[in-house]
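Asks: Sharing protein_1.cif here; it has mmCIF, C-alpha atoms.
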data_model
loop_
_atom_site.group_PDB
_atom_site.id
_atom_site.type_symbol
_atom_site.label_atom_id
_atom_site.label_comp_id
_atom_site.auth_asym_id
_atom_site.auth_seq_id
_atom_site.Cartn_x
_atom_site.Cartn_y
_atom_site.Cartn_z
ATOM 1 C CA HIS A 1 5.928 -5.266 -9.187
ATOM 2 C CA PRO A 2 3.285 -2.508 -9.433
ATOM 3 C CA LEU A 3 3.187 -2.121 -5.643
ATOM 4 C CA GLN A 4 6.909 -1.435 -5.452
ATOM 5 C CA SER A 5 6.732 1.022 -8.349
ATOM 6 C CA ALA A 6 3.784 2.851 -6.803
ATOM 7 C CA PHE A 7 5.530 3.086 -3.420
ATOM 8 C CA LEU A 8 8.573 4.623 -5.105
ATOM 9 C CA LYS A 9 6.473 7.034 -7.166
ATOM 10 C CA GLU A 10 4.491 8.193 -4.099
ATOM 11 C CA GLN A 11 7.672 8.397 -1.991
ATOM 12 C CA ALA A 12 5.898 6.167 0.520
ATOM 13 C CA MET A 13 9.022 4.718 2.140
ATOM 14 C CA GLN A 14 10.789 6.950 4.607
ATOM 15 C CA CYS A 15 12.676 4.894 7.172
ATOM 16 C CA GLY A 16 11.821 1.479 5.710
ATOM 17 C CA TYR A 17 11.062 -0.129 9.067
ATOM 18 C CA CYS A 18 7.390 -0.916 8.362
ATOM 19 C CA VAL A 19 7.507 -1.210 4.569
ATOM 20 C CA SER A 20 7.997 -4.965 4.248
ATOM 21 C CA GLY A 21 4.962 -5.742 6.412
ATOM 22 C CA ILE A 22 2.842 -3.156 4.655
ATOM 23 C CA LEU A 23 3.812 -4.448 1.200
ATOM 24 C CA ILE A 24 2.923 -8.014 2.224
ATOM 25 C CA SER A 25 -0.423 -6.855 3.652
ATOM 26 C CA ALA A 26 -1.109 -4.819 0.517
ATOM 27 C CA ALA A 27 -0.246 -7.718 -1.796
ATOM 28 C CA ALA A 28 -2.553 -10.016 0.181
ATOM 29 C CA LEU A 29 -5.352 -7.449 -0.062
ATOM 30 C CA LEU A 30 -4.909 -7.045 -3.817
ATOM 31 C CA ARG A 31 -5.061 -10.815 -4.273
ATOM 32 C CA ARG A 32 -8.441 -10.828 -2.507
ATOM 33 C CA VAL A 33 -9.869 -7.551 -3.844
ATOM 34 C CA ALA A 34 -8.786 -6.305 -7.265
ATOM 35 C CA ARG A 35 -9.966 -2.701 -6.773
ATOM 36 C CA PRO A 36 -10.199 -2.002 -3.036
ATOM 37 C CA THR A 37 -11.691 1.186 -1.663
ATOM 38 C CA GLU A 38 -9.648 3.518 0.506
ATOM 39 C CA ASP A 39 -11.484 2.177 3.567
ATOM 40 C CA GLU A 40 -10.590 -1.399 2.600
ATOM 41 C CA VAL A 41 -6.929 -0.440 2.180
ATOM 42 C CA ARG A 42 -6.868 1.302 5.555
ATOM 43 C CA ALA A 43 -8.530 -1.714 7.194
ATOM 44 C CA ALA A 44 -5.966 -4.055 5.610
ATOM 45 C CA LEU A 45 -3.131 -1.924 7.010
ATOM 46 C CA ASP A 46 -4.752 -1.569 10.421
ATOM 47 C CA ARG A 47 -2.160 -3.783 12.108
ATOM 48 C CA ASN A 48 0.823 -2.155 10.391
ATOM 49 C CA LEU A 49 1.765 1.141 11.988
ATOM 50 C CA CYS A 50 3.932 3.660 10.164
ATOM 51 C CA ARG A 51 5.488 6.044 12.651
ATOM 52 C CA CYS A 52 7.125 8.224 9.985
ATOM 53 C CA GLY A 53 3.881 9.747 8.797
ATOM 54 C CA ALA A 54 3.989 8.133 5.356
ATOM 55 C CA HIS A 55 0.805 6.131 5.973
ATOM 56 C CA ASN A 56 -1.382 8.333 3.730
ATOM 57 C CA ARG A 57 1.169 8.091 0.921
ATOM 58 C CA MET A 58 1.181 4.315 1.328
ATOM 59 C CA VAL A 59 -2.598 4.214 0.982
ATOM 60 C CA ARG A 60 -2.372 6.326 -2.190
ATOM 61 C CA ALA A 61 0.350 4.031 -3.526
ATOM 62 C CA ILE A 62 -1.739 0.911 -2.928
ATOM 63 C CA LEU A 63 -4.751 2.463 -4.646
ATOM 64 C CA ALA A 64 -2.549 3.479 -7.594
ATOM 65 C CA ALA A 65 -1.067 -0.015 -7.813
ATOM 66 C CA SER A 66 -4.528 -1.577 -7.824
ATOM 67 C CA ALA A 67 -5.544 0.691 -10.710
ATOM 68 C CA GLU A 68 -2.354 -0.212 -12.601
ATOM 69 C CA MET A 69 -2.868 -3.932 -12.007
ATOM 70 C CA ALA A 70 -6.484 -3.701 -13.238
ATOM 71 C CA ARG A 71 -5.338 -2.470 -16.672
#
Would you write out, as structure tokens, the structure that this file holds?
Replies:
Amino acid sequence: HPLQSAFLKEQAMQCGYCVSGILISAAALLRRVARPTEDEVRAALDRNLCRCGAHNRMVRAILAASAEMAR
């Protein structure tokens, strides 16, 4: 899936504790909004906290996946 590929490419998974919830939230967002803005991505992940500091990489990965899925 493009989300998984983007997360790997951005190295957005450090400990893996939060990743499943963030991937589900991201997939739900991309079903609703094909090309979300960065603010929309951050709002969608608002309830998923990444304590490793990979949150910004996750946002970049989701934006990259949305661009890939739009092709």
Asks: Calculate how many Å separate atom CA of Lys9 of chain A from atom CA of Ile22 of chain A, rounding to one decimal.
Replies: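 Computed distance, atom CA of Lys9 of chain A to atom CA of Ile22 of chain A, equals 16.0 Å.
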Asks: Counting only C-alpha atoms, which of A:Gln14, A:Ser66, A:Asn56, A:Ser25 gets nearest to Thr37 of chain A?
Replies: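 When distances to Thr37 of chain A are compared using only C-alpha atoms, the smallest one comes from A:Ser66.
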Asks: Might you spell out which residues the PyMOL selection byres ((chain A and resi 46) around 12) would select in the displayed file, as a list of chain:residue names?
Replies: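 Matching residues under the PyMOL selection byres ((chain A and resi 46) around 12) are A:Gly21, A:Ile22, A:Ser25, A:Ala26, A:Asp39, A:Glu40, A:Val41, A:Arg42, A:Ala43, A:Ala44, A:Leu45, A:Arg47, A:Asn48, A:Leu49, A:Cys50, A:His55, A:Val59.
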Asks: For the provided coordinates, the residues matched by the PyMOL selection byres ((chain A and resi 63) around 9) should be stated as a ChimeraX atom specification.
Replies: /A:6,35-38,41,58-62,64-68
Asks: Nearest residue to Gly53 of chain A out of A:Leu29, A:Met69, A:Ala34, A:Gly16, using all atoms listed in the file?
Replies: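 Comparing A:Leu29, A:Met69, A:Ala34, A:Gly16 against Gly53 of chain A, the winner is A:Gly16.
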Asks: What's the 10 Å shell around Arg51 of chain A, counting only C-alpha atoms, without same-chain residues fewer than 5 positions away, as a PyMOL selection string?
Replies: chain A and resi 14-15+17-18
Asks: Could you state the separation of atom CA of Val33 of chain A and atom CA of Glu10 of chain A in Å, given to one decimal place?
Replies: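 Taking atom CA of Val33 of chain A and atom CA of Glu10 of chain A, their separation equals 21.3 Å.
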Asks: Could you check how far atom CA of Leu8 of chain A sits from atom CA of Ile24 of chain A, in Å to one decimal?
Replies: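 These two atoms are separated by 15.7 Å.
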Asks: Tell me which of A:Arg57, A:Cys52, A:Gln4, A:Arg71 sits closest to Leu23 of chain A, counting only C-alpha atoms.
Replies: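 Using only C-alpha atoms, the shortest distance to Leu23 of chain A belongs to A:Gln4.
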Asks: Please, what is the axis-aligned box for every listed atom of segment 17-36 of chain A with 6 Å on each side, as centre and edge lengths in Å to one decimal, as lines of an AutoDock Vina configuration file?
Replies:
center_x = 0.4
center_y = -5.5
center_z = 0.9
size_x = 33.3
size_y = 22.7
size_z = 28.3
